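J.: My structure is below; once you've seen it, I'll send some questions.
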Amino acid sequence: MSEYVPPKVWTWRKDAGAGVTRLNRPIAGATHEKDLPVGRHPLQLYSLGTPNGQKVTILLEELLALGITGAEYDAWIIRITEGDQFGSGFVAVNPNSKIPALVDRSGPEPIRVFESGAILLHLAEKFGAFLPQDGPARAEALSWLFWQMGSTPYLGGGLGHFYAYAPVKLEYAIDRYAMEVKRQLDVLDRRLADNEYLAGNDYTIADMATWPWYGALAKGLVYGAGEFLAVQDYKNVQRWTDQIAKRPAVKRGRMVNRISGDPSSQLHERHDAGDFDTQTQDKIGEPEKT
Ligand SMILES: N[C@@H](CCC(=O)N[C@@H](CS)C(=O)NCC(=O)O)C(=O)O
């Protein structure tokens with residue numbers, strides 16, 4: 001392979017993307033007019049059952065499990081491989097064109113919230129749950145929440161992209177990101193050696209943000225990279241992953257807006273608590289090929 005010499009000014013090669021990145025553009029904004037649907041609940045979520053999407057549906061299901069009825073929500077599906085994130089309605093809610101995005105319609109004016117960390121914080125503060133009110137525990141929870149936001153692009157956009165999706169296997173890139181992701185797993189492993197959860201004794205939005213990514217990674221479920229990264233060696237991450245996976249709200253949250261896997265685990269849209277029993281793909285239709 002000949003060495004790439006960057007030109008003086010970068011230009012957009014429209015055929016360059018791979019996988020979902022084939023839809024990437026160097027410009028923001030909507031590509032087409034499309035309104036978003038609005039359901040009957042106070043919270044309207046526009047998302048997909050990827051790890052970033054799961055963070056929010058896990059929190060919503062946890063809040064509902066506590067009996068907080070104000071957390072009732074409609075979860076609408078945004079198919080990012082089909083470009084739904086570039087529809088005008090979605091861009092008005094998230095100018096960054098990425099799921100998840102939330103509209104909180106419980107007050108006099110709708111409030112839009114984008115970026116999963118901001119959504120978790122908005123909901124945890126609104127309902128006074130899964131985030132310590134003050135003191136060192138709150139600082140710790142927020143630190144780990146923002147650790148996840150800053151760290152995961154190295155896992156997804158870095159390792160995941162170059163190990164699993166890029167059309168060429170570049171040793172330099174894979175090596176760089178494998179090193180960083182293993183370091184991140186070690187950061188988590190050391191923290192979880194002495195603490196049940198990331199913020200300490202309590203299960204918080206920091207765990208909900210981190211588990212869908214690093215828990216899935218620990219079980220070899222993302223990018224097929226489990227063996228490559230020797231994930232079984234991170235014993236405390238494994239313990240924490242298993243512990244959180246057992247929570248009924250986590251099991252439900254993982255199903256919402258999911259379009260791959262066992263049909264009984266796919267609830268494409270969620271508009272009612274009863275949908276988990278009656279609206280999964282094994283009951284209403286054929287699973288999609290993704
Ligand atoms: N930092 C963002 C990341 C969101 C994100 O990367 N979402 C992905 C799916 S997991 C997406 O919508 N990708 C569509 C695209 O890039 O066009 C967050 O935490 O909300």
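The way I read the labels, and the way they are meant: chains A, B, ... in the order of the structure tokens, residue 1 as the first residue of every chain, and ligand 1 as the first ligand shown, with later ones counted on from there.
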Using only C-alpha atoms and all ligand atoms, find each residue with an atom at most 8 Å away from ligand 1 and format the answer as an mmCIF file with C-alpha atoms, in the first residue's frame.
T.:
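Result file follows (out_15.cif):
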```cif
data_model
loop_
_atom_site.group_PDB
_atom_site.id
_atom_site.type_symbol
_atom_site.label_atom_id
_atom_site.label_comp_id
_atom_site.auth_asym_id
_atom_site.auth_seq_id
_atom_site.Cartn_x
_atom_site.Cartn_y
_atom_site.Cartn_z
ATOM 1 C CA VAL A 20 -22.691 3.548 8.955
ATOM 2 C CA THR A 21 -19.892 6.018 8.160
ATOM 3 C CA LEU A 23 -23.565 8.383 5.409
ATOM 4 C CA ASN A 24 -21.057 10.771 7.003
ATOM 5 C CA SER A 47 -33.184 6.783 19.651
ATOM 6 C CA LEU A 48 -31.854 3.391 18.631
ATOM 7 C CA THR A 50 -27.084 0.955 20.447
ATOM 8 C CA PRO A 51 -24.996 1.336 23.629
ATOM 9 C CA ASN A 52 -25.553 5.120 23.574
ATOM 10 C CA GLY A 53 -29.279 4.592 23.206
ATOM 11 C CA ILE A 80 -29.181 5.765 11.565
ATOM 12 C CA THR A 81 -28.224 3.489 8.661
ATOM 13 C CA GLY A 83 -30.258 8.615 7.546
ATOM 14 C CA GLN A 85 -30.743 11.415 12.056
ATOM 15 C CA PHE A 86 -30.542 13.938 9.218
ATOM 16 C CA SER A 97 -27.470 14.381 14.272
ATOM 17 C CA LYS A 98 -26.770 11.503 16.648
ATOM 18 C CA ILE A 99 -29.016 9.369 18.817
ATOM 19 C CA PRO A 100 -30.160 9.544 21.577
ATOM 20 C CA ALA A 101 -32.220 12.749 21.722
ATOM 21 C CA PHE A 114 -29.116 15.892 23.294
ATOM 22 C CA GLU A 115 -25.905 14.019 24.198
ATOM 23 C CA SER A 116 -26.571 10.944 26.316
ATOM 24 C CA GLY A 117 -24.683 12.348 29.324
ATOM 25 C CA MET A 149 -18.272 10.451 27.623
ATOM 26 C CA PRO A 153 -14.827 7.619 21.413
#
```
J.: Near stretch 231-246 of chain A, counting only C-alpha atoms, which residues have an atom at most 12 Å away, once you skip same-chain residues fewer than 2 positions from it, shown as a PyMOL selection string?
T.: chain A and resi 58+62+178+181-198+202-204+207-222+224-229+248-254
J.: Mind dumping the selected residues with N, CA and C atoms as a short mmCIF file (atom, residue, chain, number, x, y, z; two decimals), in the first residue's frame?
T.:
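File written: out.cif
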```
data_model
loop_
_atom_site.label_atom_id
_atom_site.label_comp_id
_atom_site.auth_asym_id
_atom_site.auth_seq_id
_atom_site.Cartn_x
_atom_site.Cartn_y
_atom_site.Cartn_z
N ILE A 58 -32.32 2.47 29.83
CA ILE A 58 -32.06 1.82 31.12
C ILE A 58 -32.45 2.76 32.25
N GLU A 62 -35.37 2.20 34.97
CA GLU A 62 -35.02 2.21 36.40
C GLU A 62 -35.92 3.19 37.16
N ALA A 178 -6.06 -0.23 20.69
CA ALA A 178 -6.12 -1.40 21.59
C ALA A 178 -5.41 -1.06 22.90
N VAL A 181 -7.74 1.28 24.91
CA VAL A 181 -8.95 0.63 25.43
C VAL A 181 -8.58 -0.34 26.54
N LYS A 182 -7.46 -1.04 26.42
CA LYS A 182 -7.04 -1.91 27.52
C LYS A 182 -6.69 -1.07 28.76
N ARG A 183 -6.11 0.07 28.54
CA ARG A 183 -5.83 0.95 29.68
C ARG A 183 -7.15 1.38 30.35
N GLN A 184 -8.15 1.71 29.53
CA GLN A 184 -9.45 2.10 30.08
C GLN A 184 -10.08 0.95 30.88
N LEU A 185 -9.98 -0.27 30.33
CA LEU A 185 -10.53 -1.42 31.07
C LEU A 185 -9.81 -1.58 32.41
N ASP A 186 -8.52 -1.30 32.42
CA ASP A 186 -7.75 -1.41 33.67
C ASP A 186 -8.15 -0.30 34.65
N VAL A 187 -8.43 0.89 34.12
CA VAL A 187 -8.92 1.98 34.99
C VAL A 187 -10.20 1.53 35.69
N LEU A 188 -11.11 0.98 34.92
CA LEU A 188 -12.38 0.52 35.49
C LEU A 188 -12.15 -0.62 36.47
N ASP A 189 -11.28 -1.55 36.08
CA ASP A 189 -11.04 -2.74 36.91
C ASP A 189 -10.49 -2.36 38.28
N ARG A 190 -9.58 -1.42 38.28
CA ARG A 190 -8.99 -0.97 39.57
C ARG A 190 -10.04 -0.26 40.41
N ARG A 191 -10.85 0.57 39.80
CA ARG A 191 -11.90 1.28 40.54
C ARG A 191 -12.90 0.28 41.14
N LEU A 192 -13.25 -0.72 40.35
CA LEU A 192 -14.28 -1.67 40.78
C LEU A 192 -13.74 -2.75 41.71
N ALA A 193 -12.42 -2.76 41.92
CA ALA A 193 -11.84 -3.71 42.88
C ALA A 193 -12.28 -3.34 44.30
N ASP A 194 -12.37 -2.05 44.59
CA ASP A 194 -12.69 -1.59 45.95
C ASP A 194 -14.06 -0.97 46.06
N ASN A 195 -14.77 -0.88 44.96
CA ASN A 195 -16.08 -0.23 44.98
C ASN A 195 -17.08 -1.10 44.23
N GLU A 196 -18.26 -1.21 44.84
CA GLU A 196 -19.28 -2.04 44.18
C GLU A 196 -19.68 -1.42 42.84
N TYR A 197 -19.84 -0.09 42.86
CA TYR A 197 -20.24 0.63 41.65
C TYR A 197 -19.22 1.74 41.38
N LEU A 198 -19.34 2.38 40.23
CA LEU A 198 -18.33 3.37 39.86
C LEU A 198 -18.26 4.54 40.83
N ASP A 202 -23.28 3.25 45.70
CA ASP A 202 -24.58 3.36 45.04
C ASP A 202 -24.49 3.22 43.53
N TYR A 203 -25.50 2.57 43.00
CA TYR A 203 -25.67 2.44 41.55
C TYR A 203 -26.19 3.77 41.02
N THR A 204 -25.47 4.36 40.07
CA THR A 204 -25.82 5.71 39.60
C THR A 204 -25.84 5.78 38.06
N ASP A 207 -22.86 4.36 36.19
CA ASP A 207 -22.88 2.94 35.79
C ASP A 207 -23.75 2.76 34.54
N MET A 208 -24.88 3.47 34.51
CA MET A 208 -25.80 3.31 33.37
C MET A 208 -25.16 3.80 32.08
N ALA A 209 -24.30 4.82 32.18
CA ALA A 209 -23.61 5.32 30.98
C ALA A 209 -22.50 4.36 30.55
N THR A 210 -21.84 3.76 31.51
CA THR A 210 -20.63 3.00 31.21
C THR A 210 -20.92 1.54 30.86
N TRP A 211 -21.92 0.97 31.53
CA TRP A 211 -22.21 -0.46 31.36
C TRP A 211 -22.54 -0.86 29.92
N PRO A 212 -23.39 -0.10 29.19
CA PRO A 212 -23.73 -0.56 27.84
C PRO A 212 -22.50 -0.68 26.93
N TRP A 213 -21.46 0.12 27.19
CA TRP A 213 -20.24 0.04 26.38
C TRP A 213 -19.24 -0.98 26.94
N TYR A 214 -18.81 -0.73 28.18
CA TYR A 214 -17.69 -1.54 28.69
C TYR A 214 -18.17 -2.89 29.21
N GLY A 215 -19.45 -2.97 29.64
CA GLY A 215 -20.01 -4.27 29.99
C GLY A 215 -20.14 -5.14 28.75
N ALA A 216 -20.63 -4.54 27.67
CA ALA A 216 -20.76 -5.29 26.41
C ALA A 216 -19.37 -5.69 25.90
N LEU A 217 -18.42 -4.77 26.03
CA LEU A 217 -17.05 -5.10 25.60
C LEU A 217 -16.50 -6.27 26.42
N ALA A 218 -16.77 -6.24 27.73
CA ALA A 218 -16.27 -7.29 28.63
C ALA A 218 -16.85 -8.66 28.28
N LYS A 219 -18.01 -8.66 27.65
CA LYS A 219 -18.64 -9.93 27.27
C LYS A 219 -18.39 -10.26 25.79
N GLY A 220 -17.53 -9.51 25.16
CA GLY A 220 -17.18 -9.79 23.75
C GLY A 220 -18.31 -9.46 22.79
N LEU A 221 -19.22 -8.57 23.19
CA LEU A 221 -20.40 -8.30 22.36
C LEU A 221 -20.23 -7.12 21.41
N VAL A 222 -19.16 -6.34 21.58
CA VAL A 222 -18.97 -5.25 20.62
C VAL A 222 -17.68 -5.44 19.83
N GLY A 224 -16.55 -7.73 18.15
CA GLY A 224 -15.90 -9.04 18.15
C GLY A 224 -14.50 -8.98 18.72
N ALA A 225 -14.29 -8.06 19.69
CA ALA A 225 -12.92 -7.79 20.16
C ALA A 225 -12.63 -8.41 21.53
N GLY A 226 -13.50 -9.29 22.02
CA GLY A 226 -13.31 -9.84 23.36
C GLY A 226 -12.01 -10.60 23.52
N GLU A 227 -11.77 -11.55 22.63
CA GLU A 227 -10.55 -12.37 22.73
C GLU A 227 -9.31 -11.50 22.47
N PHE A 228 -9.42 -10.63 21.47
CA PHE A 228 -8.30 -9.77 21.09
C PHE A 228 -7.80 -8.93 22.28
N LEU A 229 -8.74 -8.49 23.10
CA LEU A 229 -8.38 -7.63 24.24
C LEU A 229 -8.26 -8.40 25.55
N PRO A 248 -33.78 -6.15 36.46
CA PRO A 248 -34.90 -6.22 35.50
C PRO A 248 -35.03 -4.98 34.63
N ALA A 249 -34.79 -3.79 35.20
CA ALA A 249 -34.92 -2.56 34.41
C ALA A 249 -33.84 -2.50 33.32
N VAL A 250 -32.68 -3.05 33.61
CA VAL A 250 -31.60 -3.08 32.62
C VAL A 250 -32.00 -4.03 31.48
N LYS A 251 -32.58 -5.16 31.87
CA LYS A 251 -33.01 -6.12 30.83
C LYS A 251 -34.05 -5.47 29.92
N ARG A 252 -34.97 -4.71 30.50
CA ARG A 252 -35.99 -4.04 29.67
C ARG A 252 -35.35 -2.93 28.84
N GLY A 253 -34.52 -2.11 29.50
CA GLY A 253 -33.90 -0.97 28.80
C GLY A 253 -33.11 -1.41 27.57
N ARG A 254 -32.49 -2.57 27.65
CA ARG A 254 -31.70 -3.07 26.52
C ARG A 254 -32.55 -3.47 25.33
#
```
J.: List every residue of stretch 29-145 of chain A that DSSP, applied to the backbone of this structure, assigns to strand (DSSP E or B), and report them as a PyMOL selection string.
T.: chain A and resi 32+43-47+73-77+87+101-104+111-114
J.: Restricting it to N, CA and C atoms, dump the selection as a CSV table (one decimal), in the first residue's frame.
T.:
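File part-v1.csv, as written:
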```
chain,number,residue,atom,x,y,z
A,32,HIS,N,-33.1,16.4,4.7
A,32,HIS,CA,-34.5,16.3,4.2
A,32,HIS,C,-35.5,16.7,5.2
A,43,LEU,N,-42.4,12.4,28.2
A,43,LEU,CA,-41.0,12.3,27.7
A,43,LEU,C,-41.0,11.6,26.3
A,44,GLN,N,-40.4,12.2,25.3
A,44,GLN,CA,-40.4,11.7,24.0
A,44,GLN,C,-38.9,11.4,23.7
A,45,LEU,N,-38.6,10.1,23.5
A,45,LEU,CA,-37.2,9.7,23.2
A,45,LEU,C,-37.1,9.3,21.7
A,46,TYR,N,-36.1,9.8,21.0
A,46,TYR,CA,-35.8,9.5,19.6
A,46,TYR,C,-34.4,8.8,19.6
A,47,SER,N,-34.4,7.5,19.3
A,47,SER,CA,-33.2,6.8,19.7
A,47,SER,C,-33.1,5.5,18.9
A,73,TYR,N,-42.6,7.2,29.1
A,73,TYR,CA,-42.0,7.7,27.8
A,73,TYR,C,-42.4,7.0,26.6
A,74,ASP,N,-42.4,7.7,25.5
A,74,ASP,CA,-42.5,7.1,24.2
A,74,ASP,C,-41.1,7.0,23.6
A,75,ALA,N,-40.7,5.8,23.1
A,75,ALA,CA,-39.4,5.7,22.5
A,75,ALA,C,-39.6,5.4,21.0
A,76,TRP,N,-39.2,6.4,20.2
A,76,TRP,CA,-39.4,6.3,18.7
A,76,TRP,C,-38.0,5.8,18.1
A,77,ILE,N,-38.1,5.1,17.0
A,77,ILE,CA,-36.9,4.6,16.5
A,77,ILE,C,-36.3,5.5,15.4
A,87,GLY,N,-33.0,14.0,9.3
A,87,GLY,CA,-34.3,14.6,9.1
A,87,GLY,C,-34.4,15.9,9.8
A,101,ALA,N,-31.8,11.4,21.5
A,101,ALA,CA,-32.2,12.7,21.7
A,101,ALA,C,-33.6,12.7,22.4
A,102,LEU,N,-33.8,13.6,23.3
A,102,LEU,CA,-35.0,13.6,24.2
A,102,LEU,C,-35.7,14.9,24.1
A,103,VAL,N,-37.0,14.9,24.1
A,103,VAL,CA,-37.8,16.1,24.3
A,103,VAL,C,-38.7,15.9,25.5
A,104,ASP,N,-38.4,16.8,26.5
A,104,ASP,CA,-39.2,16.7,27.7
A,104,ASP,C,-40.3,17.7,27.6
A,111,ILE,N,-38.6,21.0,26.2
A,111,ILE,CA,-37.2,21.2,26.4
A,111,ILE,C,-36.5,20.1,25.6
A,112,ARG,N,-35.6,20.5,24.7
A,112,ARG,CA,-34.8,19.5,24.0
A,112,ARG,C,-33.5,19.2,24.7
A,113,VAL,N,-33.1,17.9,24.7
A,113,VAL,CA,-31.8,17.5,25.4
A,113,VAL,C,-31.1,16.6,24.4
A,114,PHE,N,-29.9,16.8,24.1
A,114,PHE,CA,-29.1,15.9,23.3
A,114,PHE,C,-27.8,15.6,24.0
```
J.: So which one's closest to A:Arg40, A:Arg22, A:His268, A:Arg105, A:His161? Using only C-alpha atoms, please.
T.: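 Checking each candidate against A:Arg40, we get A:Arg105 as the closest.
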J.: Using only C-alpha atoms, determine which residues lie at most 12 Å from stretch 68-70 of chain A, disregarding the query and same-chain residues fewer than 5 positions distant; provide the list as a PyMOL selection string.
T.: chain A and resi 41-44+59-63+104-107+123-124+126-129+272-273
J.: Would you write out those residues with C-alpha atoms, as a tab-separated table (two decimals), in the first residue's frame?
T.:
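Saved the output as part_25.tsv:
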```tsv
chain	number	residue	atom	x	y	z
A	41	HIS	CA	-46.22	10.61	27.45
A	42	PRO	CA	-44.32	13.54	29.01
A	43	LEU	CA	-41.00	12.27	27.67
A	44	GLN	CA	-40.35	11.66	23.98
A	59	LEU	CA	-32.40	4.97	33.24
A	60	LEU	CA	-36.03	5.48	32.21
A	61	GLU	CA	-36.88	1.88	33.07
A	62	GLU	CA	-35.02	2.21	36.40
A	63	LEU	CA	-37.01	5.37	37.23
A	104	ASP	CA	-39.16	16.72	27.75
A	105	ARG	CA	-42.76	17.88	27.29
A	106	SER	CA	-43.70	17.83	30.97
A	107	GLY	CA	-43.44	21.64	31.42
A	123	LEU	CA	-33.50	13.02	34.11
A	124	ALA	CA	-31.55	12.18	37.26
A	126	LYS	CA	-35.49	16.10	37.43
A	127	PHE	CA	-36.51	13.02	39.39
A	128	GLY	CA	-33.90	13.17	42.17
A	129	ALA	CA	-32.69	9.64	41.61
A	272	ASP	CA	-46.45	1.50	27.10
A	273	ALA	CA	-45.06	-0.65	29.91
```
J.: Could you check the closest approach to A:Gln54 for each of A:Tyr223, A:Met255, A:Gly200, A:Asn94 and tell me which residue wins, using only C-alpha atoms?
T.: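 Of A:Tyr223, A:Met255, A:Gly200, A:Asn94, the one nearest A:Gln54 is A:Met255, counting only C-alpha atoms.
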J.: Quick one, how far is atom CA of A:Leu142 from atom CA of A:Ala206?
T.: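 Computing the Euclidean distance for atom CA of A:Leu142 and atom CA of A:Ala206 yields 6.9 Å.
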J.: Can you pull out every residue within 10 Å of A:Asp277, counting only C-alpha atoms, but drop anything in the same chain fewer than 4 positions away, and send it as a count of residues only?
T.: 4
J.: Separation of atom CA of A:Ile205 and atom CA of A:Phe130, in Å?
T.: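 For atom CA of A:Ile205 relative to atom CA of A:Phe130, the distance reads 5.7 Å.
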J.: Looking only at alpha helix (DSSP H) from DSSP on the backbone, list the matching residues of stretch 89-290 of chain A as a ChimeraX atom specification.
T.: /A:89-93,116-127,135-153,171-194,205-210,216-218,235-245,248-255,275-278,281-284
J.: What is the distance, in Å and to one decimal place, between atom CA of A:Leu131 and atom CA of A:Gly49?
T.: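 According to the coordinates, atom CA of A:Leu131 and atom CA of A:Gly49 are separated by 23.3 Å.
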